[in-house]
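Scroll down for the structure; my scribbles are underneath it.
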Amino acid sequence: MSDRPDFSGFTCPLPKLDHDTVQMAHGAGGRLSADLFERLILPRFTSPELEPRDDGALLDLPPGRVAFSTDTFVVTPLFFPGGDIGTLAVCGTVNDVAMMGGVPQALSVAFVLEEGLPLADFHRILCSMEATAKKAGVRVVTGDTKVVGRGQCDGIYVNTSGIGVVPAGRDLGAHRIASGDVVLVSGPVGDHGTAILTARAGLGVQTQLKSDCAPLNGLVEALLASGADVKALRDPTRGGLAAVLNEYAVAARVGIRLDDGAVPVRDEVTGVCEMLGLDPLHMACEGRLVAIVAAGDADRALAAMRDHEHGGGAARIGAVNDRHAGVVTMATALGVERVLDMPLGEQLPRIC
Amino acid sequence: MKHLDEFRDPALARALVERLKRITTRPWTVMEVCGGQTHSILRHGIDQVLPEGLTLLHGPGCPVCVTPLETIDRAVAIAMQPGVILASFGDMLRVPGSHGSLLEARSRGADVRMVYSPLEAVTLARANPDREVVFLAIGFETTAPGNAMAASEAIDARLTNYSQLVSHVLVPPAMAAILDDEHVRVDAFLAAGHVCTITGWRLYEPISARYGVPIVVTGFEPVDILDGFMHAVELLEAGSPKVANRYGRAVQADGNPIAQAVIDRMYEVCGRKWRGIGVIPQSGLKLRPAYAAWDAEQKFDVGDITPQEPAECIAGQVLQGRLKPADCPAFGTKCTPQTPLGATMVSSEGACAAWYRYGRKSAT
């Protein structure tokens, strides 16, 4: 699959440690803490800012406004087809910064480890983070590790914060959305949420589906470099495409109408969702973006996305109107317009 | 996607709409019994393309909606007992009881789990021998075989820490109750294909004959449903009240005997209260007395349950086809899917939730 990160050639041997699992002492600040940091964590995140081992990082940033975002990752299961909590933690924050128009520069990484977590699992997660950060071209510059007792967290929680610099003249956001703009999506939706759902033990559904988890900063730069007038960008994570579009409709006081059949959805995603009574447009993506673009620039923006490894499946899915402010609708096969609402409450295990 | 796209084919659907308009010469009222069909009708906007003379009524076929408040209150009370894991299907967890839903019970410390398959709860019981696992078994004839199979597996394995709180309901007695209701006029029914996959379509012949109503068994996709309406109107216009099976790709005359056998082995027919409607004789299933040790209602003494329905909720009238969701003053204001007053606003198959989700808009 060309639109997903490929770590197949990547190997990362587990350093020799005195323990096989996380001990409370790994978070106590003593010798074991230092050991964990020096031998397991630091080798994965070499950066000039991290090297002095100070309490924080000093950064020299290019000129421009700074985009700053944070996210905490509690996904279960920790490892899923197409990625793991480490891949997700890097992609999630890189993508949030990129959607603000920021060119991601630096990440902080904080772990909450559960006593008893196999260090081989932690190491595998660290290796994923290293590979994903390299792919995204972003440095890990500071971090923290805490350990909690067995049963007090689900193996590992990861927080990442990221900063990026927004080049002068870039203005993205709901405030720029206007009637007539078109809605684009960079590829099939719902892969991540559905992959996590089917990876969940006990569901008894087997698919070849993989999470779409990928850093999107390269795609964003390619899209913006096309010269298309991009008004707003968002990655449809929790709540999926439906949530992002509803948020835009409310924030920009516009209506959004999708064409039925225009939203790309893989057959496996449709199949799993039909079976479980879920809507693919409510399922999370972790490697897709929604772009609101001036109508005349739609073709140029689509071409730029389709030329990029993470935008091969890009499609035009609908348009912005001034007829039903705050409401997203969808044209059905019968030519009838119906509401596409926000998803509600808990329908899935934790997905990000 | 095969077996799906052909039943959502726009050209075929539009042709059926045109044909339906041509053959409808008199006003008719057709009720789709099943909540899955209600959901599909609103999701695809079928209600907006039907001929003027054809009135739709949404029936009581949402299992979450008709589960009595007492059962939810009992489930919450059992879940709050120490050592209990209470498992059920997703939507069931959000239905408001007199004192909150099962999800709210979870936030107060109860161990409530959402499962996708009834067998997951049996697995939970095996994995947690020191805990009591209670499965809230609800639904129509469609979910009954799975739930009965789970009961059978647990009982055959003598899993003493597993039990079921059973609140199963049956479709035909509810249809008869609606036809007996002098306030409701139903000229024909669409019957749910998945129920008939289990029961067979012949089950409806006595009702069709006794009340003189056509009953058309159909599926859940737009083409299925439009085809169902078309055949219902054809039978009505021809004055020919009979059962027509339009879901031949899944439904046989006598249904699935293996599924029926497992239901019959574990459950027996009983009177059952339907939320918002009242007690309908012979309309429910419960565990057979031989399995009392696995019956959560008998296993857990939670005292008297005195349910309190919100006075404003008209769910019962909606479920019987007497009122439409929008007739309710609380619809979309006090009562929304986030803050449901009644179960019809909770389940994705509930008429109120489907109206809210697909029908509410300022679009013109």
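Each chain in the structure tokens gets a letter, A, B and so on, in the order shown; residues start at 1 in every chain, and ligands are counted from 1 in the order they appear.
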- Counting only C-alpha atoms, which residues of chain A come no farther than 12 Å from chain B, as a count of residues only? 57
- Item | Members of segment 120-223 of chain A assigned strand (DSSP E or B) by DSSP, as a PyMOL selection string | chain A and resi 139-148+156-166+182-185
- Query: Which residues in segment 125-229 of chain A does DSSP call helix (DSSP H, G or I)? List them as a PyMOL selection string.
  - Reply: chain A and resi 125-136+174-176+191-199+217-225
If we count only C-alpha atoms, what is near Ile23 of chain B at a cut-off of 9 Å, once residues fewer than 2 positions away on the same chain are taken out, given as an mmCIF file with N, CA and C atoms, in the first residue's frame?
```
data_model
loop_
_atom_site.group_PDB
_atom_site.id
_atom_site.type_symbol
_atom_site.label_atom_id
_atom_site.label_comp_id
_atom_site.auth_asym_id
_atom_site.auth_seq_id
_atom_site.Cartn_x
_atom_site.Cartn_y
_atom_site.Cartn_z
ATOM 1 N N GLU B 18 -41.685 5.387 -9.134
ATOM 2 C CA GLU B 18 -42.612 5.757 -10.210
ATOM 3 C C GLU B 18 -43.762 4.758 -10.308
ATOM 4 N N ARG B 19 -43.385 3.480 -10.238
ATOM 5 C CA ARG B 19 -44.417 2.435 -10.348
ATOM 6 C C ARG B 19 -45.395 2.517 -9.182
ATOM 7 N N LEU B 20 -44.834 2.745 -7.987
ATOM 8 C CA LEU B 20 -45.664 2.866 -6.778
ATOM 9 C C LEU B 20 -46.653 4.016 -6.931
ATOM 10 N N LYS B 21 -46.198 5.125 -7.491
ATOM 11 C CA LYS B 21 -47.078 6.289 -7.687
ATOM 12 C C LYS B 21 -48.197 5.941 -8.673
ATOM 13 N N THR B 25 -54.030 4.227 -6.071
ATOM 14 C CA THR B 25 -55.209 5.011 -6.474
ATOM 15 C C THR B 25 -56.023 5.478 -5.278
ATOM 16 N N MET B 230 -44.504 -1.489 -2.708
ATOM 17 C CA MET B 230 -45.197 -1.701 -3.971
ATOM 18 C C MET B 230 -46.089 -2.943 -3.894
ATOM 19 N N VAL B 233 -49.122 -2.295 -1.647
ATOM 20 C CA VAL B 233 -50.165 -1.509 -2.311
ATOM 21 C C VAL B 233 -50.857 -2.349 -3.392
ATOM 22 N N GLU B 234 -50.087 -3.138 -4.114
ATOM 23 C CA GLU B 234 -50.695 -4.019 -5.128
ATOM 24 C C GLU B 234 -51.730 -4.940 -4.495
ATOM 25 N N GLU B 237 -54.729 -2.791 -3.337
ATOM 26 C CA GLU B 237 -55.551 -2.330 -4.462
ATOM 27 C C GLU B 237 -56.352 -3.492 -5.059
#
```
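Distance check against Ala315 of chain B using only C-alpha atoms: of B:Asn128, B:Thr339, B:Thr67, B:Thr344, the minimum falls on B:Thr344.
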Near segment 264-279 of chain B, counting only C-alpha atoms, which residues have an atom at most 8 Å away, once you skip same-chain residues fewer than 2 positions from it, shown as a CSV table (one decimal) with N, CA and C atoms, in the first residue's frame?
```csv
chain,number,residue,atom,x,y,z
B,65,CYS,N,-36.2,-0.1,22.4
B,65,CYS,CA,-37.3,0.8,22.8
B,65,CYS,C,-38.4,0.2,23.6
B,66,VAL,N,-38.7,-1.1,23.3
B,66,VAL,CA,-39.8,-1.7,24.0
B,66,VAL,C,-39.4,-2.5,25.3
B,67,THR,N,-38.1,-2.6,25.5
B,67,THR,CA,-37.7,-3.2,26.8
B,67,THR,C,-38.2,-2.4,28.0
B,68,PRO,N,-39.0,-3.1,28.9
B,68,PRO,CA,-39.7,-2.3,29.9
B,68,PRO,C,-38.7,-1.6,30.9
B,69,LEU,N,-39.1,-0.5,31.4
B,69,LEU,CA,-38.3,0.3,32.3
B,69,LEU,C,-37.9,-0.6,33.5
B,148,ALA,N,-30.0,-17.5,23.1
B,148,ALA,CA,-30.3,-18.9,23.6
B,148,ALA,C,-29.1,-19.8,23.5
B,151,ALA,N,-26.9,-19.0,26.4
B,151,ALA,CA,-27.4,-19.6,27.6
B,151,ALA,C,-27.1,-21.1,27.6
B,152,SER,N,-27.3,-21.7,26.4
B,152,SER,CA,-27.1,-23.2,26.3
B,152,SER,C,-25.6,-23.5,26.6
B,167,SER,N,-35.3,-10.4,28.6
B,167,SER,CA,-36.5,-9.6,28.3
B,167,SER,C,-36.8,-9.7,26.8
B,169,VAL,N,-38.9,-10.4,23.3
B,169,VAL,CA,-40.2,-10.1,22.8
B,169,VAL,C,-40.4,-10.8,21.4
B,260,GLN,N,-34.7,-22.3,15.6
B,260,GLN,CA,-35.9,-22.4,16.4
B,260,GLN,C,-35.8,-23.4,17.5
B,261,ALA,N,-35.0,-24.5,17.2
B,261,ALA,CA,-34.8,-25.5,18.2
B,261,ALA,C,-34.0,-25.0,19.4
B,262,VAL,N,-33.0,-24.2,19.2
B,262,VAL,CA,-32.2,-23.8,20.3
B,262,VAL,C,-33.0,-22.8,21.2
B,281,PRO,N,-50.2,-10.4,26.0
B,281,PRO,CA,-50.2,-11.8,26.3
B,281,PRO,C,-49.3,-12.6,25.3
B,282,GLN,N,-48.6,-13.6,25.8
B,282,GLN,CA,-47.9,-14.6,24.9
B,282,GLN,C,-46.9,-13.8,24.0
B,283,SER,N,-46.4,-12.7,24.4
B,283,SER,CA,-45.5,-11.9,23.5
B,283,SER,C,-44.1,-11.9,23.9
B,284,GLY,N,-43.7,-12.7,24.9
B,284,GLY,CA,-42.3,-12.7,25.3
B,284,GLY,C,-41.7,-14.1,25.4
B,285,LEU,N,-40.4,-14.1,25.7
B,285,LEU,CA,-39.7,-15.3,25.9
B,285,LEU,C,-39.0,-15.2,27.3
B,286,LYS,N,-38.9,-16.3,28.1
B,286,LYS,CA,-38.1,-16.3,29.3
B,286,LYS,C,-37.4,-17.6,29.4
B,287,LEU,N,-36.4,-17.7,30.3
B,287,LEU,CA,-35.7,-18.9,30.5
B,287,LEU,C,-36.7,-20.0,31.0
B,288,ARG,N,-36.5,-21.2,30.6
B,288,ARG,CA,-37.4,-22.3,31.1
B,288,ARG,C,-37.1,-22.5,32.6
B,291,TYR,N,-34.0,-23.9,34.2
B,291,TYR,CA,-32.7,-23.2,34.2
B,291,TYR,C,-32.8,-22.0,35.2
B,314,ILE,N,-43.9,10.5,25.0
B,314,ILE,CA,-45.0,9.9,24.3
B,314,ILE,C,-44.6,8.6,23.6
B,315,ALA,N,-43.4,8.0,24.0
B,315,ALA,CA,-42.9,6.9,23.3
B,315,ALA,C,-43.9,5.8,23.0
B,316,GLY,N,-44.7,5.5,24.0
B,316,GLY,CA,-45.7,4.4,23.8
B,316,GLY,C,-46.7,4.7,22.7
B,317,GLN,N,-47.1,6.0,22.5
B,317,GLN,CA,-48.0,6.4,21.4
B,317,GLN,C,-47.3,6.3,20.1
B,319,LEU,N,-44.7,4.2,19.4
B,319,LEU,CA,-44.5,2.8,19.1
B,319,LEU,C,-45.8,2.1,18.6
B,320,GLN,N,-46.9,2.6,19.0
B,320,GLN,CA,-48.2,2.0,18.5
B,320,GLN,C,-48.7,2.7,17.2
```
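Taking atom CA of Phe300 of chain B as the reference point, atom CA of Gly151 of chain A is found at 28.4 Å.
Across the structure, atom CA of Thr70 of chain A and atom CA of Leu241 of chain A are spaced 20.8 Å apart.
Nearest-residue note for His168 of chain B: choosing from B:Gly228, B:Ala77, B:Arg126, B:Ile263, the minimum distance belongs to B:Ile263, counting only C-alpha atoms.
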List as a PDB file with N, CA, C and O atoms, in the first residue's frame the protein and nucleic acid residues near Tyr247 of chain B, meaning an atom at most 10 Å away when only C-alpha atoms are counted, but skip any in the same chain fewer than 3 places from it.
```
ATOM      1  N   ALA B 191     -43.198  -6.650   7.010  1.00  0.00           N
ATOM      2  CA  ALA B 191     -42.612  -7.464   8.077  1.00  0.00           C
ATOM      3  C   ALA B 191     -41.111  -7.571   7.835  1.00  0.00           C
ATOM      4  O   ALA B 191     -40.643  -7.512   6.700  1.00  0.00           O
ATOM      5  N   ALA B 192     -40.373  -7.750   8.943  1.00  0.00           N
ATOM      6  CA  ALA B 192     -38.909  -7.675   8.866  1.00  0.00           C
ATOM      7  C   ALA B 192     -38.303  -8.985   8.393  1.00  0.00           C
ATOM      8  O   ALA B 192     -38.545 -10.045   8.965  1.00  0.00           O
ATOM      9  N   GLY B 193     -37.492  -8.889   7.355  1.00  0.00           N
ATOM     10  CA  GLY B 193     -36.878 -10.066   6.759  1.00  0.00           C
ATOM     11  C   GLY B 193     -36.036 -10.876   7.726  1.00  0.00           C
ATOM     12  O   GLY B 193     -36.064 -12.108   7.697  1.00  0.00           O
ATOM     13  N   HIS B 194     -35.282 -10.187   8.612  1.00  0.00           N
ATOM     14  CA  HIS B 194     -34.381 -10.970   9.478  1.00  0.00           C
ATOM     15  C   HIS B 194     -35.154 -11.779  10.520  1.00  0.00           C
ATOM     16  O   HIS B 194     -34.763 -12.881  10.876  1.00  0.00           O
ATOM     17  N   CYS B 196     -38.060 -13.078   9.961  1.00  0.00           N
ATOM     18  CA  CYS B 196     -38.626 -14.203   9.209  1.00  0.00           C
ATOM     19  C   CYS B 196     -37.560 -15.217   8.800  1.00  0.00           C
ATOM     20  O   CYS B 196     -37.880 -16.377   8.548  1.00  0.00           O
ATOM     21  N   THR B 197     -36.314 -14.771   8.734  1.00  0.00           N
ATOM     22  CA  THR B 197     -35.236 -15.724   8.459  1.00  0.00           C
ATOM     23  C   THR B 197     -35.255 -16.818   9.528  1.00  0.00           C
ATOM     24  O   THR B 197     -35.018 -17.978   9.254  1.00  0.00           O
ATOM     25  N   TRP B 201     -41.944 -17.242   6.946  1.00  0.00           N
ATOM     26  CA  TRP B 201     -43.020 -16.279   6.684  1.00  0.00           C
ATOM     27  C   TRP B 201     -44.406 -16.842   6.944  1.00  0.00           C
ATOM     28  O   TRP B 201     -45.373 -16.111   7.117  1.00  0.00           O
ATOM     29  N   VAL B 216     -46.209  -8.007   3.914  1.00  0.00           N
ATOM     30  CA  VAL B 216     -45.144  -8.227   2.937  1.00  0.00           C
ATOM     31  C   VAL B 216     -43.807  -8.328   3.665  1.00  0.00           C
ATOM     32  O   VAL B 216     -43.385  -7.383   4.342  1.00  0.00           O
ATOM     33  N   VAL B 217     -43.174  -9.481   3.550  1.00  0.00           N
ATOM     34  CA  VAL B 217     -41.868  -9.694   4.175  1.00  0.00           C
ATOM     35  C   VAL B 217     -40.806  -9.094   3.265  1.00  0.00           C
ATOM     36  O   VAL B 217     -40.738  -9.422   2.075  1.00  0.00           O
ATOM     37  N   THR B 218     -39.999  -8.192   3.818  1.00  0.00           N
ATOM     38  CA  THR B 218     -38.972  -7.589   2.973  1.00  0.00           C
ATOM     39  C   THR B 218     -37.716  -7.247   3.766  1.00  0.00           C
ATOM     40  O   THR B 218     -37.657  -7.444   4.983  1.00  0.00           O
ATOM     41  N   GLY B 219     -36.712  -6.724   3.050  1.00  0.00           N
ATOM     42  CA  GLY B 219     -35.416  -6.452   3.666  1.00  0.00           C
ATOM     43  C   GLY B 219     -35.254  -5.012   4.096  1.00  0.00           C
ATOM     44  O   GLY B 219     -36.239  -4.342   4.435  1.00  0.00           O
ATOM     45  N   PHE B 220     -34.021  -4.524   4.064  1.00  0.00           N
ATOM     46  CA  PHE B 220     -33.688  -3.266   4.737  1.00  0.00           C
ATOM     47  C   PHE B 220     -33.053  -2.228   3.833  1.00  0.00           C
ATOM     48  O   PHE B 220     -32.780  -1.117   4.267  1.00  0.00           O
ATOM     49  N   ASP B 224     -35.333  -2.981  -1.462  1.00  0.00           N
ATOM     50  CA  ASP B 224     -36.176  -3.930  -0.721  1.00  0.00           C
ATOM     51  C   ASP B 224     -37.430  -3.245  -0.205  1.00  0.00           C
ATOM     52  O   ASP B 224     -38.543  -3.752  -0.334  1.00  0.00           O
ATOM     53  N   ASP B 227     -39.818  -2.016  -2.887  1.00  0.00           N
ATOM     54  CA  ASP B 227     -40.458  -3.199  -3.451  1.00  0.00           C
ATOM     55  C   ASP B 227     -41.540  -3.718  -2.493  1.00  0.00           C
ATOM     56  O   ASP B 227     -42.618  -4.137  -2.912  1.00  0.00           O
ATOM     57  N   GLY B 228     -41.236  -3.652  -1.178  1.00  0.00           N
ATOM     58  CA  GLY B 228     -42.208  -4.067  -0.165  1.00  0.00           C
ATOM     59  C   GLY B 228     -43.462  -3.204  -0.203  1.00  0.00           C
ATOM     60  O   GLY B 228     -44.592  -3.715  -0.205  1.00  0.00           O
ATOM     61  N   ALA B 244     -46.878 -12.030   1.479  1.00  0.00           N
ATOM     62  CA  ALA B 244     -45.990 -12.125   0.322  1.00  0.00           C
ATOM     63  C   ALA B 244     -44.551 -12.093   0.814  1.00  0.00           C
ATOM     64  O   ALA B 244     -44.184 -11.227   1.611  1.00  0.00           O
ATOM     65  N   ALA B 250     -33.265 -14.741   1.617  1.00  0.00           N
ATOM     66  CA  ALA B 250     -32.917 -15.180   2.971  1.00  0.00           C
ATOM     67  C   ALA B 250     -34.041 -15.937   3.676  1.00  0.00           C
ATOM     68  O   ALA B 250     -33.778 -16.672   4.624  1.00  0.00           O
ATOM     69  N   VAL B 251     -35.289 -15.725   3.255  1.00  0.00           N
ATOM     70  CA  VAL B 251     -36.420 -16.238   4.047  1.00  0.00           C
ATOM     71  C   VAL B 251     -37.084 -17.445   3.378  1.00  0.00           C
ATOM     72  O   VAL B 251     -37.428 -17.399   2.200  1.00  0.00           O
ATOM     73  N   GLN B 252     -37.259 -18.507   4.157  1.00  0.00           N
ATOM     74  CA  GLN B 252     -37.998 -19.692   3.713  1.00  0.00           C
ATOM     75  C   GLN B 252     -39.366 -19.700   4.406  1.00  0.00           C
ATOM     76  O   GLN B 252     -39.550 -19.028   5.414  1.00  0.00           O
TER      77      GLN B 252
END
```
- Choose the residue, out of A:Glu286, A:Asp154, A:Glu114, A:Asp229, that has the smallest atom-to-atom separation from His192 of chain A; count only C-alpha atoms. A:Glu286
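Rounded to one decimal, atom CA of Met100 of chain A and atom CA of Leu126 of chain A lie 26.3 Å from each other.
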For Pro206 of chain B, find every residue with an atom within 10 Å (counting only C-alpha atoms), except residues of its own chain fewer than 6 positions away, and show them as a PDB file with C-alpha atoms, in the first residue's frame.
```pdb
ATOM      1  CA  PRO B 172     -46.654 -11.484  15.756  1.00  0.00           C
ATOM      2  CA  GLY B 212     -57.640  -9.285   6.402  1.00  0.00           C
ATOM      3  CA  LYS B 242     -52.192 -12.371   2.032  1.00  0.00           C
ATOM      4  CA  VAL B 243     -48.566 -12.853   3.023  1.00  0.00           C
TER       5      VAL B 243
END
```
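Distance annotation: of A:Ile317, A:Leu223, A:Met99, A:Val109, the residue with the minimal separation from Pro236 of chain A is A:Met99; atom set is only C-alpha atoms.
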